[in-house]
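K.L.:
Contents of run01.tsv (TSV, C-alpha atoms) are below:
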chain	number	residue	atom	x	y	z
A	242	MET	CA	90.86	74.89	-141.67
A	243	GLY	CA	91.53	78.48	-142.72
A	244	ALA	CA	90.79	81.60	-140.80
A	245	SER	CA	87.74	82.35	-142.95
A	246	GLU	CA	86.30	78.90	-142.38
A	247	SER	CA	86.96	79.23	-138.65
A	248	GLY	CA	85.13	82.58	-138.57
A	249	ILE	CA	82.20	81.13	-140.43
A	250	GLY	CA	82.01	78.27	-137.93
A	251	VAL	CA	82.02	80.65	-135.00
A	252	ARG	CA	79.28	82.76	-136.53
A	253	ALA	CA	77.20	79.68	-137.23
A	254	ALA	CA	77.62	78.52	-133.64
A	255	ASP	CA	76.60	81.95	-132.39
A	256	ALA	CA	73.55	81.90	-134.64
A	257	ARG	CA	72.58	78.49	-133.38
A	258	ALA	CA	73.01	79.67	-129.78
A	259	ARG	CA	70.90	82.76	-130.42
A	260	SER	CA	68.27	80.67	-132.12
A	261	ALA	CA	68.21	78.23	-129.22
A	262	GLY	CA	68.02	81.10	-126.74
A	263	ASN	CA	65.15	82.68	-128.65
A	264	ALA	CA	63.37	79.33	-128.75
A	265	ARG	CA	63.79	78.93	-125.01
A	266	ALA	CA	62.53	82.48	-124.43
A	267	ASP	CA	59.54	81.80	-126.65
A	268	ALA	CA	58.87	78.57	-124.79
A	269	ARG	CA	59.02	80.34	-121.42
A	270	ARG	CA	56.72	83.08	-122.68
A	271	ASN	CA	54.22	80.59	-124.08
A	272	ARG	CA	54.31	78.57	-120.87
A	273	ALA	CA	53.63	81.73	-118.84
A	274	LEU	CA	50.72	82.62	-121.15
A	275	VAL	CA	49.24	79.14	-120.77
A	276	LEU	CA	49.60	79.22	-116.97
A	277	ALA	CA	47.99	82.65	-116.72
A	278	ALA	CA	45.08	81.58	-118.92
A	279	ALA	CA	44.71	78.32	-117.01
A	280	HIS	CA	44.69	80.18	-113.69
A	281	ARG	CA	41.80	82.38	-114.84
A	282	ALA	CA	39.91	79.49	-116.42
A	283	LEU	CA	40.29	77.25	-113.37
A	284	ALA	CA	39.26	80.06	-111.03
A	285	GLU	CA	36.05	80.55	-113.02
A	286	GLY	CA	35.07	77.06	-114.07
A	287	GLY	CA	36.99	74.66	-111.87
A	288	THR	CA	38.79	71.57	-113.05
A	289	SER	CA	36.17	70.81	-115.72
A	290	ILE	CA	37.81	73.33	-118.08
A	291	SER	CA	39.32	71.81	-121.22
A	292	LEU	CA	42.86	72.26	-122.54
A	293	ALA	CA	41.41	73.56	-125.82
A	294	GLU	CA	39.66	76.34	-123.92
A	295	VAL	CA	42.91	77.17	-122.12
A	296	ALA	CA	44.72	77.36	-125.48
A	297	ARG	CA	42.04	79.67	-126.85
A	298	ARG	CA	42.32	82.00	-123.86
A	299	ALA	CA	46.13	82.00	-124.02
A	300	GLY	CA	46.14	82.80	-127.74
A	301	VAL	CA	48.31	79.80	-128.61
A	302	GLY	CA	47.76	76.57	-130.47
A	303	ALA	CA	46.55	73.43	-128.75
A	304	GLY	CA	49.87	71.79	-129.62
A	305	THR	CA	51.72	74.42	-127.58
A	306	VAL	CA	49.61	73.61	-124.52
A	307	TYR	CA	50.11	69.86	-124.94
A	308	ARG	CA	53.85	70.34	-125.44
A	309	HIS	CA	54.21	71.97	-122.04
A	310	PHE	CA	51.42	70.09	-120.25
A	311	PRO	CA	50.63	66.69	-121.75
A	312	THR	CA	47.58	66.20	-119.52
A	313	LYS	CA	45.10	68.41	-117.74
A	314	THR	CA	46.34	67.00	-114.44
A	315	ALA	CA	49.84	68.28	-115.23
A	316	LEU	CA	48.41	71.72	-116.02
A	317	VAL	CA	46.33	71.85	-112.84
A	318	GLU	CA	49.37	70.76	-110.85
A	319	ALA	CA	51.46	73.58	-112.29
A	320	VAL	CA	48.76	76.17	-111.62
A	321	MET	CA	48.25	74.97	-108.06
A	322	GLN	CA	51.97	74.80	-107.39
A	323	GLN	CA	52.33	78.37	-108.62
A	324	ARG	CA	49.47	79.51	-106.40
A	325	ILE	CA	50.72	77.68	-103.31
A	326	ASP	CA	54.22	79.04	-103.84
A	327	ARG	CA	52.73	82.55	-103.98
A	328	LEU	CA	51.11	82.02	-100.58
A	329	THR	CA	54.35	80.55	-99.25
A	330	GLY	CA	56.20	83.66	-100.41
A	331	LEU	CA	53.66	85.82	-98.59
A	332	ALA	CA	54.17	83.76	-95.41
A	333	HIS	CA	57.94	84.27	-95.68
A	334	ARG	CA	57.48	88.03	-95.99
A	335	LEU	CA	55.23	88.08	-92.91
A	336	ARG	CA	57.54	85.87	-90.85
A	337	ASP	CA	59.56	88.79	-89.44
A	338	ALA	CA	56.60	91.14	-88.93
A	339	ALA	CA	56.60	93.36	-85.85
A	340	ASP	CA	53.25	91.90	-84.75
A	341	PRO	CA	53.35	88.10	-85.27
A	342	GLY	CA	49.75	87.66	-84.17
A	343	ALA	CA	48.40	90.17	-86.68
A	344	ALA	CA	50.62	88.64	-89.38
A	345	PHE	CA	49.30	85.13	-88.68
A	346	PHE	CA	45.62	86.10	-88.80
A	347	SER	CA	46.18	88.28	-91.89
A	348	PHE	CA	47.75	85.30	-93.64
A	349	CYS	CA	44.88	83.00	-92.60
A	350	THR	CA	42.39	85.49	-94.01
A	351	GLU	CA	44.26	85.65	-97.33
A	352	VAL	CA	44.37	81.86	-97.63
A	353	ILE	CA	40.62	81.53	-97.04
A	354	THR	CA	39.42	84.41	-99.20
A	355	SER	CA	41.75	83.63	-102.11
A	356	ALA	CA	40.78	79.95	-102.05
A	357	HIS	CA	37.15	81.03	-102.22
A	358	ARG	CA	37.90	82.97	-105.41
A	359	ASN	CA	39.59	79.96	-107.02
A	360	GLN	CA	37.07	77.28	-107.99
A	361	ALA	CA	39.83	74.73	-108.61
A	362	VAL	CA	41.07	75.09	-105.05
A	363	CYS	CA	37.53	74.68	-103.75
A	364	ASP	CA	37.11	71.53	-105.84
A	365	MET	CA	40.30	70.10	-104.41
A	366	VAL	CA	39.34	71.03	-100.86
A	367	SER	CA	35.96	69.38	-101.30
A	368	ASN	CA	37.42	66.18	-102.73
A	369	ASP	CA	40.85	65.46	-101.31
A	370	GLY	CA	41.73	68.07	-98.75
A	371	TRP	CA	44.27	70.82	-99.26
A	372	PRO	CA	46.88	70.69	-100.69
A	373	ARG	CA	46.54	67.64	-102.92
A	374	GLU	CA	49.07	64.86	-103.29
A	375	LEU	CA	50.19	66.01	-106.75
A	376	VAL	CA	51.55	69.26	-105.29
A	377	ARG	CA	53.16	67.70	-102.24
A	378	GLY	CA	56.44	69.60	-102.69
A	379	ALA	CA	54.71	72.98	-102.78
A	380	GLY	CA	52.49	71.87	-99.91
A	381	ASP	CA	55.45	70.92	-97.75
A	382	ARG	CA	56.99	74.35	-98.29
A	383	PHE	CA	53.67	75.96	-97.46
A	384	HIS	CA	53.33	73.91	-94.26
A	385	THR	CA	56.79	74.94	-93.09
A	386	ALA	CA	56.11	78.63	-93.71
A	387	LEU	CA	52.71	78.45	-92.00
A	388	ASP	CA	54.18	76.62	-89.02
A	389	ASP	CA	56.74	79.41	-88.61
A	390	LEU	CA	53.95	82.01	-88.49
A	391	LEU	CA	51.96	79.90	-86.04
A	392	THR	CA	54.92	79.39	-83.71
A	393	ALA	CA	55.77	83.10	-83.68
A	394	ALA	CA	52.14	84.03	-82.93
A	395	GLN	CA	51.98	81.49	-80.10
A	396	ARG	CA	55.20	82.84	-78.58
A	397	GLN	CA	53.62	86.29	-78.58
A	398	GLY	CA	50.52	84.89	-76.87
A	399	SER	CA	48.18	85.85	-79.72
A	400	VAL	CA	47.26	82.25	-80.57
A	401	ARG	CA	46.19	79.56	-78.13
A	402	PRO	CA	49.13	77.28	-77.24
A	403	ASP	CA	47.27	73.99	-77.83
A	404	LEU	CA	46.70	74.74	-81.53
A	405	SER	CA	48.71	72.55	-83.91
A	406	LEU	CA	49.51	72.93	-87.60
A	407	SER	CA	47.09	70.12	-88.46
A	408	ASP	CA	44.38	71.96	-86.51
A	409	VAL	CA	44.97	75.11	-88.56
A	410	LEU	CA	44.82	73.19	-91.86
A	411	ALA	CA	41.57	71.51	-90.80
A	412	LEU	CA	40.08	74.89	-89.89
A	413	PHE	CA	41.16	76.21	-93.30
A	414	THR	CA	39.17	73.44	-94.98
A	415	GLY	CA	36.05	74.32	-93.01
A	416	CYS	CA	36.46	78.06	-93.52
A	417	VAL	CA	36.86	77.68	-97.29
A	418	ALA	CA	33.58	75.73	-97.38
A	419	ILE	CA	31.93	78.49	-95.31
A	420	GLN	CA	33.41	81.21	-97.50
A	421	ARG	CA	31.84	79.68	-100.61
A	422	LEU	CA	28.44	80.67	-99.21
A	423	SER	CA	29.48	84.31	-98.88
A	424	PRO	CA	28.43	86.63	-101.72
A	425	GLY	CA	31.31	89.08	-101.28
A	426	PRO	CA	35.11	88.88	-101.32
A	427	GLU	CA	35.48	89.83	-97.65
A	428	LEU	CA	35.94	87.22	-94.96
A	429	ALA	CA	32.52	85.84	-94.05
A	430	HIS	CA	31.37	86.41	-90.47
A	431	PRO	CA	31.09	82.68	-89.64
A	432	ALA	CA	34.62	82.12	-90.99
A	433	ALA	CA	35.85	85.05	-88.88
A	434	LEU	CA	34.30	83.40	-85.81
A	435	VAL	CA	36.21	80.21	-86.60
A	436	LEU	CA	39.48	82.16	-86.87
A	437	ASP	CA	38.65	83.93	-83.62
A	438	SER	CA	38.51	80.53	-81.91
A	439	MET	CA	42.28	80.28	-82.46
A	440	ARG	CA	42.85	83.14	-80.04
A	441	PRO	CA	43.64	82.29	-76.40
A	442	ARG	CA	40.79	82.17	-73.95
A	443	LEU	CA	40.79	85.18	-71.65
A	444	ALA	CA	41.07	84.10	-68.02
A	445	PRO	CA	38.95	86.09	-65.52
A	446	GLY	CA	40.94	88.71	-63.63
A	447	PRO	CA	41.68	88.32	-59.89
A	448	VAL	CA	38.98	89.46	-57.50
A	449	THR	CA	40.52	91.96	-55.08
A	450	LYS	CA	37.39	92.66	-53.03
A	451	ARG	CA	34.16	90.78	-53.01
A	452	ARG	CA	31.33	93.11	-53.66
A	453	LYS	CA	28.59	93.00	-51.06
A	454	THR	CA	25.23	92.10	-52.40
A	455	ALA	CA	22.44	94.21	-50.97
A	456	PRO	CA	19.46	92.19	-49.74
A	457	PRO	CA	16.35	92.60	-51.84
A	458	ARG	CA	14.03	95.22	-50.51
A	459	ASP	CA	10.48	96.10	-51.29
A	460	GLU	CA	10.28	99.88	-51.33
A	461	THR	CA	6.49	99.82	-51.45
A	462	ALA	CA	5.00	100.57	-48.03
A	463	VAL	CA	2.32	98.23	-46.82
A	464	ARG	CA	-0.86	100.20	-46.57
A	465	ASN	CA	-4.47	99.32	-46.01
A	466	GLU	CA	-6.55	101.69	-48.05
A	467	THR	CA	-9.77	100.60	-46.18
A	468	PRO	CA	-10.37	102.86	-43.12
A	469	THR	CA	-10.33	101.03	-39.79
A	470	PRO	CA	-13.77	101.10	-38.10
A	471	HIS	CA	-14.06	102.53	-34.57
A	472	CYS	CA	-16.49	101.98	-31.77
A	473	PRO	CA	-19.14	104.74	-31.94
A	474	ILE	CA	-19.30	104.92	-28.15
A	475	CYS	CA	-15.63	105.05	-27.04
A	476	ALA	CA	-13.82	105.46	-30.42
A	477	THR	CA	-11.72	102.35	-29.81
A	478	PRO	CA	-10.55	100.64	-33.06
A	479	LEU	CA	-12.60	97.54	-33.70
A	480	ARG	CA	-10.76	94.26	-34.17
A	481	PRO	CA	-12.03	91.95	-36.91
A	482	ASN	CA	-13.55	88.79	-35.53
A	483	GLY	CA	-12.72	86.69	-38.62
A	484	THR	CA	-16.21	85.22	-39.14
A	485	GLY	CA	-19.75	86.46	-39.17
A	486	ARG	CA	-20.87	90.03	-39.32
A	487	PRO	CA	-18.31	92.70	-38.44
A	488	ALA	CA	-18.51	94.04	-34.90
A	489	ARG	CA	-20.15	97.41	-34.36
A	490	TYR	CA	-18.95	97.95	-30.77
A	491	CYS	CA	-15.72	97.19	-29.02
A	492	SER	CA	-17.36	95.46	-26.02
A	493	PRO	CA	-20.73	94.43	-24.54
A	494	ALA	CA	-20.57	97.43	-22.26
A	495	CYS	CA	-20.44	99.86	-25.20
A	496	ARG	CA	-23.23	97.91	-26.89
A	497	GLN	CA	-25.37	98.31	-23.75
A	498	LYS	CA	-24.64	102.05	-23.59
A	499	ALA	CA	-25.67	102.43	-27.21
A	500	HIS	CA	-28.89	100.55	-26.51
A	501	ARG	CA	-29.74	102.81	-23.53
A	502	ARG	CA	-29.06	105.93	-25.61
A	503	ARG	CA	-31.38	104.79	-28.35
A	504	HIS	CA	-34.21	104.09	-25.93
A	505	ALA	CA	-33.72	106.92	-23.45
A	506	PRO	CA	-36.70	109.39	-23.35
A	507	ARG	CA	-36.05	112.66	-25.03
A	508	SER	CA	-36.31	115.72	-22.91
A	509	ALA	CA	-38.87	118.33	-23.86
I need this file expressed as structure tokens, please.

P.N.:
Amino acid sequence: MGASESGIGVRAADARARSAGNARADARRNRALVLAAAHRALAEGGTSISLAEVARRAGVGAGTVYRHFPTKTALVEAVMQQRIDRLTGLAHRLRDAADPGAAFFSFCTEVITSAHRNQAVCDMVSNDGWPRELVRGAGDRFHTALDDLLTAAQRQGSVRPDLSLSDVLALFTGCVAIQRLSPGPELAHPAALVLDSMRPRLAPGPVTKRRKTAPPRDETAVRNETPTPHCPICATPLRPNGTGRPARYCSPACRQKAHRRRHAPRSA
């Protein structure tokens, strides 16, 4: 083979390599377009979305979608794996935070509110739990990252020590269902109460001195607004006799004196 033929062969090989590289770049770009379109479509309509609708949103042919994702299950798996890996990356970034407790609860809030915005995630939570079997690899990585955040928060004392990873995942499932009833993107109040239950119970502080309890007192003075009758002869207070007519005189002697006074002759 001459030098010219050798040069032609090298140029042809380079052209084939460039062509293959361009094809791979085009394939990666098309795959990214399909995934982005599928993510939006699944978030809006759930897993009932068709591959033809995904192709239309991505601006590619249906054949391109089927070439990368032969079935809708394969497409959903790729979208969910991408989403779970994003959350795992966030957990890794929060792992060395200065406040592990704040980092843990911030991550929990993001998981719940973002799952609420993604109808496909909600469908999966409602049916099979989260994450599903088809994304087990991504789920295992997510579990490890979440467990690291949980352990760090428990060491700090910001999370109750009896809480396990399975407990947290179960609470996520309930909170996502609660969040679906919320009209806004913020964490719903009932879901926030569930997250608050992860915090340690506050023990009552030591009692240094028992406070004396004052006996109940009636500040109202006992008064009898009815004037006490007196004997008209000697002015002695009359005691009630309990029955019959009230006494007019304190004793028979005063009664006799009163009788004599009434019948005594008047002087001229």

K.L.:
For Thr350 in chain A, find every residue with an atom within 10 Å (counting all atoms listed in the file), except residues of its own chain fewer than 6 positions away, and show them as JSON, numbers by chain.

P.N.:
{"A": [344, 356, 413, 416, 427, 428, 429, 432, 433, 436]}

K.L.:
Please provide as a ChimeraX atom specification all residues within 12 Å of Gln323 in chain A, with the sequence filter that same-chain residues fewer than 5 positions apart are discarded (counting all atoms listed in the file).

P.N.:
/A:273,276-277,279-280,316-318,328-330,376,378-380,383

K.L.:
Find the distance between CA of Phe345 in chain A and CA of Ala282 in chain A and write it in Å to one decimal.

P.N.:
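So the two atoms, CA of Phe345 in chain A and CA of Ala282 in chain A, lie 29.8 Å apart.
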
K.L.:
Considering only C-alpha atoms, state which residue in the set A:Arg308, A:Arg382, A:Arg297, A:Arg334 is at the smallest distance from Gln322 in chain A.

P.N.:
A:Arg382

K.L.:
Nearest to Pro441 in chain A among A:Ala476, A:Ala418, A:Ala394, A:Ala296, with distances taken over all atoms listed in the file: which residue is it?

P.N.:
A:Ala394

K.L.:
Within 8 Å of range 487-492 of chain A, counting only C-alpha atoms, which residues show up once you throw out same-chain ones fewer than 2 positions away? Write them as number ranges by chain, please.

P.N.:
A: 471-474, 477-482, 484-485, 494-496

K.L.:
Could you state the separation of CA of Ala393 in chain A and CA of Ser405 in chain A in Å, given to one decimal place?

P.N.:
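According to the coordinates, CA of Ala393 in chain A and CA of Ser405 in chain A are separated by 12.7 Å.
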
K.L.:
With a distance cut-off of 12 Å and all atoms listed in the file, select the neighbouring residues of Ala338 in chain A, excluding the residue or stretch itself and same-chain residues fewer than 2 positions from it, and output the selection as a VMD selection string.

P.N.:
chain A and resid 331 to 336 340 to 345 347 to 348 389 to 390 393 to 394 397

K.L.:
Could you give me, as a list in words, the residues within 8 Å of Val275 in chain A, counting all atoms listed in the file and dropping anything in the same chain fewer than 6 positions from it?

P.N.:
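Those residues are Val295, Ala296, Ala299, Val301 and Val306 of chain A.
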
K.L.:
As a compact mmCIF listing (two decimals), in the coordinates of the input, please: range 265-300 of chain A completed to N, CA and C atoms.

P.N.:
# COMPACT_ATOMS: atom_id res chain seq x y z
N ARG A 265 64.05 79.12 -126.42
CA ARG A 265 63.79 78.93 -125.01
C ARG A 265 62.98 80.09 -124.45
N ALA A 266 63.29 81.31 -124.89
CA ALA A 266 62.53 82.48 -124.43
C ALA A 266 61.08 82.40 -124.89
N ASP A 267 60.90 81.96 -126.15
CA ASP A 267 59.54 81.80 -126.65
C ASP A 267 58.78 80.73 -125.86
N ALA A 268 59.50 79.65 -125.56
CA ALA A 268 58.87 78.57 -124.79
C ALA A 268 58.47 79.05 -123.40
N ARG A 269 59.35 79.82 -122.75
CA ARG A 269 59.02 80.34 -121.42
C ARG A 269 57.84 81.30 -121.49
N ARG A 270 57.82 82.13 -122.54
CA ARG A 270 56.72 83.08 -122.68
C ARG A 270 55.40 82.34 -122.93
N ASN A 271 55.44 81.35 -123.81
CA ASN A 271 54.22 80.59 -124.08
C ASN A 271 53.75 79.84 -122.84
N ARG A 272 54.69 79.29 -122.09
CA ARG A 272 54.31 78.57 -120.87
C ARG A 272 53.65 79.52 -119.88
N ALA A 273 54.22 80.74 -119.75
CA ALA A 273 53.63 81.73 -118.84
C ALA A 273 52.23 82.13 -119.31
N LEU A 274 52.04 82.28 -120.62
CA LEU A 274 50.72 82.62 -121.15
C LEU A 274 49.70 81.52 -120.85
N VAL A 275 50.14 80.27 -121.04
CA VAL A 275 49.24 79.14 -120.77
C VAL A 275 48.88 79.08 -119.29
N LEU A 276 49.86 79.27 -118.41
CA LEU A 276 49.60 79.22 -116.97
C LEU A 276 48.65 80.34 -116.54
N ALA A 277 48.87 81.54 -117.08
CA ALA A 277 47.99 82.65 -116.72
C ALA A 277 46.56 82.39 -117.18
N ALA A 278 46.42 81.88 -118.40
CA ALA A 278 45.08 81.58 -118.92
C ALA A 278 44.44 80.45 -118.12
N ALA A 279 45.23 79.44 -117.78
CA ALA A 279 44.71 78.32 -117.01
C ALA A 279 44.28 78.77 -115.62
N HIS A 280 45.05 79.68 -115.02
CA HIS A 280 44.69 80.18 -113.69
C HIS A 280 43.33 80.86 -113.72
N ARG A 281 43.10 81.70 -114.74
CA ARG A 281 41.80 82.38 -114.84
C ARG A 281 40.67 81.38 -115.12
N ALA A 282 40.95 80.46 -116.04
CA ALA A 282 39.91 79.49 -116.42
C ALA A 282 39.55 78.58 -115.25
N LEU A 283 40.55 78.12 -114.51
CA LEU A 283 40.29 77.25 -113.37
C LEU A 283 39.57 77.99 -112.26
N ALA A 284 39.92 79.27 -112.07
CA ALA A 284 39.26 80.06 -111.03
C ALA A 284 37.78 80.24 -111.34
N GLU A 285 37.44 80.31 -112.63
CA GLU A 285 36.05 80.55 -113.02
C GLU A 285 35.24 79.25 -113.13
N GLY A 286 35.84 78.26 -113.77
CA GLY A 286 35.07 77.06 -114.07
C GLY A 286 35.48 75.81 -113.36
N GLY A 287 36.54 75.85 -112.55
CA GLY A 287 36.99 74.66 -111.87
C GLY A 287 37.75 73.73 -112.78
N THR A 288 37.95 72.52 -112.33
CA THR A 288 38.79 71.57 -113.05
C THR A 288 38.10 70.96 -114.27
N SER A 289 36.86 71.33 -114.53
CA SER A 289 36.17 70.81 -115.72
C SER A 289 36.59 71.52 -117.00
N ILE A 290 37.38 72.58 -116.90
CA ILE A 290 37.81 73.33 -118.08
C ILE A 290 38.67 72.45 -118.97
N SER A 291 38.56 72.62 -120.28
CA SER A 291 39.32 71.81 -121.22
C SER A 291 40.62 72.50 -121.61
N LEU A 292 41.60 71.70 -122.08
CA LEU A 292 42.86 72.26 -122.54
C LEU A 292 42.66 73.11 -123.79
N ALA A 293 41.69 72.75 -124.63
CA ALA A 293 41.41 73.56 -125.82
C ALA A 293 40.93 74.95 -125.44
N GLU A 294 40.12 75.03 -124.38
CA GLU A 294 39.66 76.34 -123.92
C GLU A 294 40.82 77.15 -123.34
N VAL A 295 41.74 76.48 -122.65
CA VAL A 295 42.91 77.17 -122.12
C VAL A 295 43.76 77.71 -123.27
N ALA A 296 43.94 76.92 -124.31
CA ALA A 296 44.72 77.36 -125.48
C ALA A 296 44.07 78.56 -126.14
N ARG A 297 42.75 78.53 -126.25
CA ARG A 297 42.04 79.67 -126.85
C ARG A 297 42.24 80.93 -126.03
N ARG A 298 42.14 80.82 -124.72
CA ARG A 298 42.32 82.00 -123.86
C ARG A 298 43.76 82.50 -123.89
N ALA A 299 44.72 81.59 -124.00
CA ALA A 299 46.13 82.00 -124.02
C ALA A 299 46.56 82.54 -125.36
N GLY A 300 45.77 82.33 -126.41
CA GLY A 300 46.14 82.80 -127.74
C GLY A 300 47.24 81.97 -128.38
